[in-house]
$ cat target_19.cif   # mmCIF, C-alpha atoms
data_entry
loop_
_atom_site.group_PDB
_atom_site.id
_atom_site.type_symbol
_atom_site.label_atom_id
_atom_site.label_comp_id
_atom_site.auth_asym_id
_atom_site.auth_seq_id
_atom_site.Cartn_x
_atom_site.Cartn_y
_atom_site.Cartn_z
ATOM 1 C CA MET N 1 -75.005 14.970 0.462
ATOM 2 C CA THR N 2 -73.390 17.063 3.181
ATOM 3 C CA LEU N 3 -72.418 20.708 2.854
ATOM 4 C CA GLU N 4 -68.757 19.682 2.947
ATOM 5 C CA GLU N 5 -69.232 17.240 0.056
ATOM 6 C CA MET N 6 -71.043 19.909 -1.947
ATOM 7 C CA ALA N 7 -68.196 22.353 -1.289
ATOM 8 C CA ASP N 8 -65.655 19.721 -2.379
ATOM 9 C CA LEU N 9 -67.551 19.196 -5.640
ATOM 10 C CA ALA N 10 -67.574 22.936 -6.305
ATOM 11 C CA HIS N 11 -63.807 23.048 -5.749
ATOM 12 C CA LEU N 12 -63.297 20.020 -7.993
ATOM 13 C CA ARG N 13 -65.336 21.697 -10.729
ATOM 14 C CA ARG N 14 -63.074 24.733 -10.441
ATOM 15 C CA ALA N 15 -60.033 22.521 -11.077
ATOM 16 C CA ARG N 16 -61.787 20.691 -13.920
ATOM 17 C CA ASP N 17 -62.726 24.028 -15.491
ATOM 18 C CA LEU N 18 -59.066 25.061 -15.219
ATOM 19 C CA MET N 19 -58.067 21.921 -17.143
ATOM 20 C CA ASP N 20 -60.743 22.555 -19.778
ATOM 21 C CA ARG N 21 -59.621 26.155 -20.205
ATOM 22 C CA GLU N 22 -55.848 25.874 -19.799
ATOM 23 C CA TYR N 23 -55.284 22.411 -21.335
ATOM 24 C CA ALA N 24 -52.338 23.682 -23.421
ATOM 25 C CA GLU N 25 -50.498 25.022 -20.371
ATOM 26 C CA PRO N 26 -48.059 22.911 -18.354
ATOM 27 C CA LEU N 27 -50.500 21.791 -15.667
ATOM 28 C CA ASN N 28 -49.560 19.354 -12.935
ATOM 29 C CA VAL N 29 -51.460 17.873 -10.000
ATOM 30 C CA PRO N 30 -50.154 20.426 -7.449
ATOM 31 C CA ALA N 31 -51.329 23.317 -9.672
ATOM 32 C CA MET N 32 -54.728 21.692 -10.179
ATOM 33 C CA ALA N 33 -54.994 20.960 -6.445
ATOM 34 C CA ARG N 34 -54.318 24.626 -5.661
ATOM 35 C CA ALA N 35 -57.239 25.577 -7.892
ATOM 36 C CA ALA N 36 -59.405 23.157 -5.891
ATOM 37 C CA LEU N 37 -58.040 24.441 -2.572
ATOM 38 C CA MET N 38 -56.886 20.934 -1.611
ATOM 39 C CA SER N 39 -53.649 19.097 -1.017
ATOM 40 C CA PRO N 40 -52.416 17.179 -4.093
ATOM 41 C CA ALA N 41 -53.111 13.736 -2.601
ATOM 42 C CA HIS N 42 -56.551 14.684 -1.303
ATOM 43 C CA PHE N 43 -57.388 16.338 -4.628
ATOM 44 C CA SER N 44 -56.367 13.255 -6.622
ATOM 45 C CA ARG N 45 -58.484 10.953 -4.451
ATOM 46 C CA LYS N 46 -61.530 13.231 -4.516
ATOM 47 C CA PHE N 47 -61.245 13.888 -8.273
ATOM 48 C CA ARG N 48 -61.074 10.193 -9.078
ATOM 49 C CA ALA N 49 -64.026 9.453 -6.798
ATOM 50 C CA ALA N 50 -66.109 12.235 -8.376
ATOM 51 C CA TYR N 51 -65.220 11.795 -12.058
ATOM 52 C CA GLY N 52 -64.050 8.189 -12.363
ATOM 53 C CA GLU N 53 -60.556 9.015 -13.631
ATOM 54 C CA THR N 54 -57.401 10.657 -12.382
ATOM 55 C CA PRO N 55 -56.821 14.375 -12.935
ATOM 56 C CA TYR N 56 -53.957 13.610 -15.325
ATOM 57 C CA SER N 57 -56.112 11.211 -17.324
ATOM 58 C CA TYR N 58 -58.872 13.819 -17.573
ATOM 59 C CA LEU N 59 -56.379 16.451 -18.735
ATOM 60 C CA MET N 60 -54.915 14.131 -21.368
ATOM 61 C CA THR N 61 -58.386 13.260 -22.642
ATOM 62 C CA ARG N 62 -59.153 16.978 -23.018
ATOM 63 C CA ARG N 63 -55.856 17.491 -24.871
ATOM 64 C CA VAL N 64 -56.613 14.622 -27.232
ATOM 65 C CA GLU N 65 -60.126 15.964 -27.776
ATOM 66 C CA ARG N 66 -58.651 19.319 -28.853
ATOM 67 C CA ALA N 67 -55.970 17.559 -30.899
ATOM 68 C CA LYS N 68 -58.600 15.656 -32.870
ATOM 69 C CA ALA N 69 -60.270 18.942 -33.819
ATOM 70 C CA LEU N 70 -56.946 20.465 -34.923
ATOM 71 C CA LEU N 71 -56.021 17.378 -36.944
ATOM 72 C CA ARG N 72 -59.417 17.487 -38.677
ATOM 73 C CA GLN N 73 -58.626 21.094 -39.631
ATOM 74 C CA GLY N 74 -55.420 19.957 -41.329
ATOM 75 C CA LEU N 75 -52.693 20.906 -38.842
ATOM 76 C CA SER N 76 -49.650 18.664 -38.848
ATOM 77 C CA VAL N 77 -49.127 16.227 -35.995
ATOM 78 C CA SER N 78 -46.141 18.266 -34.733
ATOM 79 C CA GLU N 79 -48.102 21.534 -34.791
ATOM 80 C CA THR N 80 -51.004 19.860 -33.034
ATOM 81 C CA CYS N 81 -48.749 18.377 -30.367
ATOM 82 C CA VAL N 82 -47.369 21.802 -29.491
ATOM 83 C CA ALA N 83 -50.782 23.502 -29.705
ATOM 84 C CA VAL N 84 -52.331 21.201 -27.106
ATOM 85 C CA GLY N 85 -49.449 21.435 -24.659
ATOM 86 C CA GLY N 86 -47.443 18.369 -25.619
ATOM 87 C CA THR N 87 -43.739 18.497 -24.860
ATOM 88 C CA SER N 88 -42.769 15.280 -26.633
ATOM 89 C CA LEU N 89 -44.105 14.164 -30.005
ATOM 90 C CA GLY N 90 -43.542 10.520 -29.078
ATOM 91 C CA SER N 91 -45.449 10.790 -25.792
ATOM 92 C CA PHE N 92 -48.242 12.723 -27.470
ATOM 93 C CA SER N 93 -48.562 10.137 -30.255
ATOM 94 C CA SER N 94 -48.539 7.252 -27.774
ATOM 95 C CA ARG N 95 -51.226 8.797 -25.595
ATOM 96 C CA PHE N 96 -53.322 9.772 -28.638
ATOM 97 C CA SER N 97 -53.117 6.206 -29.960
ATOM 98 C CA GLU N 98 -53.995 4.778 -26.545
ATOM 99 C CA ILE N 99 -57.103 6.950 -26.241
ATOM 100 C CA VAL N 100 -58.311 7.077 -29.860
ATOM 101 C CA GLY N 101 -57.194 3.665 -31.101
ATOM 102 C CA GLU N 102 -55.164 4.976 -34.046
ATOM 103 C CA THR N 103 -52.123 7.200 -34.509
ATOM 104 C CA PRO N 104 -52.519 10.948 -35.008
ATOM 105 C CA SER N 105 -51.314 10.544 -38.612
ATOM 106 C CA GLN N 106 -53.899 7.866 -39.320
ATOM 107 C CA TYR N 107 -56.630 10.003 -37.763
ATOM 108 C CA ARG N 108 -55.537 13.074 -39.752
ATOM 109 C CA ALA N 109 -55.498 11.112 -43.040
ATOM 110 C CA LYS N 110 -59.135 10.008 -42.687
ATOM 111 C CA ASP N 111 -61.948 11.881 -44.405
ATOM 112 C CA HIS N 112 -63.741 14.001 -41.810
ATOM 113 C CA GLY N 113 -66.097 15.731 -44.250
ATOM 114 C CA ASP N 114 -69.180 14.224 -42.609
ATOM 115 C CA TYR N 115 -68.492 16.221 -39.432
ATOM 116 C CA GLU N 116 -68.885 19.492 -41.341
ATOM 117 C CA LYS N 117 -72.579 18.714 -41.886
ATOM 118 C CA VAL N 118 -73.264 18.086 -38.202
ATOM 119 C CA PRO N 119 -73.956 20.905 -35.696
ATOM 120 C CA SER N 120 -70.865 21.627 -33.598
ATOM 121 C CA CYS N 121 -72.550 20.670 -30.313
ATOM 122 C CA LEU N 122 -73.328 17.215 -31.686
ATOM 123 C CA SER N 123 -69.973 16.917 -33.423
ATOM 124 C CA MET N 124 -68.210 17.547 -30.097
ATOM 125 C CA PHE N 125 -70.156 14.702 -28.509
ATOM 126 C CA VAL N 126 -69.565 12.276 -31.387
ATOM 127 C CA THR N 127 -65.831 12.993 -31.665
ATOM 128 C CA ARG N 128 -65.119 13.058 -27.916
ATOM 129 C CA PRO N 129 -62.296 10.605 -27.205
ATOM 130 C CA ARG N 130 -63.289 7.319 -25.596
ATOM 131 C CA ARG N 131 -60.577 5.281 -23.953
ATOM 132 C CA THR N 132 -59.999 2.047 -25.843
ATOM 133 C CA VAL N 133 -58.036 0.387 -23.041
#

$ encode --input "target_19.cif" --output "structure tokens"
Amino acid sequence: MTLEEMADLAHLRRARDLMDREYAEPLNVPAMARAALMSPAHFSRKFRAAYGETPYSYLMTRRVERAKALLRQGLSVSETCVAVGGTSLGSFSSRFSEIVGETPSQYRAKDHGDYEKVPSCLSMFVTRPRRTV
């Protein structure tokens, strides 16, 4: 790996950390690219090559991951949508269903008591969204 490739990965991690931290904020590719010190097109190509998904897809997966935790805590679907940065309940529900395989309401209605007995580090791994499509 060249020094330039290592520098690119460090910049990409900075953008990924921004998405992990600021997932509820209105982030777009140009804002994420600025964090990575790259042009939007270059950033998108490099991010996909490094992480196997587009920046937007990664951000939405993080939002759904946080949404699952909020729904398990009993927040309503509308409250959860707003809390994770969703601007449209319909779009949020569609993306949640696409990633999780069930609607937010169906997920919220399930019994999640078993997760309370599991250490949080393991629970995060087990409940991490996996794309069904």

$ atom_distance --input "target_19.cif" --atom1 "atom CA of Thr2 of chain N" --atom2 "atom CA of Phe47 of chain N"
17.0 Å

$ residues_around --input "target_19.cif" --residues "Asn28 of chain N" --least-positions-apart "6" --cutoff "10 Å" --atoms "all atoms listed in the file" --output "number ranges by chain"
N: 19, 40, 55-56, 59

$ closest_residue --input "target_19.cif" --among "N:Asp20, N:Leu9, N:Leu71, N:Val82" --to "Gln106 of chain N" --atoms "all atoms listed in the file"
N:Leu71

$ resolve_selection --input "target_19.cif" --expression "the PyMOL selection byres ((chain N and resi 90-92) around 10)" --output "count of residues only"
23

$ closest_residue --input "target_19.cif" --among "N:Tyr23, N:Ala69, N:Pro30, N:Thr61" --to "Ser44 of chain N" --atoms "only C-alpha atoms"
N:Pro30

$ closest_residue --input "target_19.cif" --among "N:Ser57, N:Phe43, N:Leu27, N:Ser105" --to "Gly74 of chain N" --atoms "all atoms listed in the file"
N:Ser105

$ closest_residue --input "target_19.cif" --among "N:Arg45, N:His11, N:Arg108, N:Arg66" --to "Ala83 of chain N" --atoms "only C-alpha atoms"
N:Arg66

$ atom_distance --input "target_19.cif" --atom1 "atom CA of Ala109 of chain N" --atom2 "atom CA of Arg62 of chain N"
21.2 Å

$ atom_distance --input "target_19.cif" --atom1 "atom CA of Leu3 of chain N" --atom2 "atom CA of Thr54 of chain N"
23.6 Å

$ resolve_selection --input "target_19.cif" --expression "the PyMOL selection byres ((chain N and resi 14) around 12)" --output "mmCIF file with C-alpha atoms, keeping the file's coordinate frame"
data_model
loop_
_atom_site.group_PDB
_atom_site.id
_atom_site.type_symbol
_atom_site.label_atom_id
_atom_site.label_comp_id
_atom_site.auth_asym_id
_atom_site.auth_seq_id
_atom_site.Cartn_x
_atom_site.Cartn_y
_atom_site.Cartn_z
ATOM 1 C CA ALA N 7 -68.196 22.353 -1.289
ATOM 2 C CA ASP N 8 -65.655 19.721 -2.379
ATOM 3 C CA LEU N 9 -67.551 19.196 -5.640
ATOM 4 C CA ALA N 10 -67.574 22.936 -6.305
ATOM 5 C CA HIS N 11 -63.807 23.048 -5.749
ATOM 6 C CA LEU N 12 -63.297 20.020 -7.993
ATOM 7 C CA ARG N 13 -65.336 21.697 -10.729
ATOM 8 C CA ALA N 15 -60.033 22.521 -11.077
ATOM 9 C CA ARG N 16 -61.787 20.691 -13.920
ATOM 10 C CA ASP N 17 -62.726 24.028 -15.491
ATOM 11 C CA LEU N 18 -59.066 25.061 -15.219
ATOM 12 C CA MET N 19 -58.067 21.921 -17.143
ATOM 13 C CA ASP N 20 -60.743 22.555 -19.778
ATOM 14 C CA ARG N 21 -59.621 26.155 -20.205
ATOM 15 C CA GLU N 22 -55.848 25.874 -19.799
ATOM 16 C CA ALA N 31 -51.329 23.317 -9.672
ATOM 17 C CA MET N 32 -54.728 21.692 -10.179
ATOM 18 C CA ALA N 33 -54.994 20.960 -6.445
ATOM 19 C CA ARG N 34 -54.318 24.626 -5.661
ATOM 20 C CA ALA N 35 -57.239 25.577 -7.892
ATOM 21 C CA ALA N 36 -59.405 23.157 -5.891
ATOM 22 C CA LEU N 37 -58.040 24.441 -2.572
ATOM 23 C CA MET N 38 -56.886 20.934 -1.611
ATOM 24 C CA PHE N 43 -57.388 16.338 -4.628
ATOM 25 C CA PHE N 47 -61.245 13.888 -8.273
#

$ closest_residue --input "target_19.cif" --among "N:Lys110, N:Pro26, N:Lys68, N:Glu5" --to "Ala50 of chain N" --atoms "all atoms listed in the file"
N:Glu5

$ axis_aligned_box --input "target_19.cif" --around "segment 46-58 of chain N" --padding-each-side "6 Å" --output "AutoDock Vina command-line options"
--center_x -60.0 --center_y 11.3 --center_z -11.0 --size_x 24.2 --size_y 18.2 --size_z 25.1

$ closest_residue --input "target_19.cif" --among "N:Glu79, N:Ala24, N:Ser39, N:Glu65" --to "Val100 of chain N" --atoms "all atoms listed in the file"
N:Glu65

$ build_atoms --input "target_19.cif" --residues "segment 95-107 of chain N" --atoms "N, CA, C and O atoms" --output "tab-separated table (two decimals), in the frame of the given file"
chain	number	residue	atom	x	y	z
N	95	ARG	N	-50.00	8.56	-26.36
N	95	ARG	CA	-51.23	8.80	-25.60
N	95	ARG	C	-52.43	8.94	-26.52
N	95	ARG	O	-53.50	8.43	-26.25
N	96	PHE	N	-52.25	9.63	-27.65
N	96	PHE	CA	-53.32	9.77	-28.64
N	96	PHE	C	-53.77	8.40	-29.12
N	96	PHE	O	-54.96	8.09	-29.15
N	97	SER	N	-52.80	7.56	-29.47
N	97	SER	CA	-53.12	6.21	-29.96
N	97	SER	C	-53.82	5.38	-28.90
N	97	SER	O	-54.76	4.63	-29.20
N	98	GLU	N	-53.39	5.52	-27.65
N	98	GLU	CA	-54.00	4.78	-26.54
N	98	GLU	C	-55.46	5.17	-26.36
N	98	GLU	O	-56.32	4.32	-26.15
N	99	ILE	N	-55.75	6.46	-26.48
N	99	ILE	CA	-57.10	6.95	-26.24
N	99	ILE	C	-58.01	6.78	-27.46
N	99	ILE	O	-59.16	6.36	-27.34
N	100	VAL	N	-57.49	7.07	-28.65
N	100	VAL	CA	-58.31	7.08	-29.86
N	100	VAL	C	-58.34	5.72	-30.56
N	100	VAL	O	-59.31	5.35	-31.20
N	101	GLY	N	-57.24	4.96	-30.44
N	101	GLY	CA	-57.19	3.66	-31.10
N	101	GLY	C	-56.48	3.69	-32.44
N	101	GLY	O	-56.44	2.69	-33.14
N	102	GLU	N	-55.96	4.85	-32.82
N	102	GLU	CA	-55.16	4.98	-34.05
N	102	GLU	C	-54.18	6.13	-33.84
N	102	GLU	O	-54.38	6.98	-32.98
N	103	THR	N	-53.14	6.15	-34.65
N	103	THR	CA	-52.12	7.20	-34.51
N	103	THR	C	-52.69	8.54	-34.97
N	103	THR	O	-53.66	8.58	-35.73
N	104	PRO	N	-52.07	9.64	-34.54
N	104	PRO	CA	-52.52	10.95	-35.01
N	104	PRO	C	-52.46	11.07	-36.54
N	104	PRO	O	-53.35	11.65	-37.15
N	105	SER	N	-51.44	10.49	-37.15
N	105	SER	CA	-51.31	10.54	-38.61
N	105	SER	C	-52.45	9.79	-39.29
N	105	SER	O	-53.00	10.25	-40.30
N	106	GLN	N	-52.79	8.64	-38.76
N	106	GLN	CA	-53.90	7.87	-39.32
N	106	GLN	C	-55.21	8.63	-39.17
N	106	GLN	O	-56.02	8.69	-40.09
N	107	TYR	N	-55.41	9.23	-38.00
N	107	TYR	CA	-56.63	10.00	-37.76
N	107	TYR	C	-56.70	11.20	-38.71
N	107	TYR	O	-57.74	11.47	-39.30
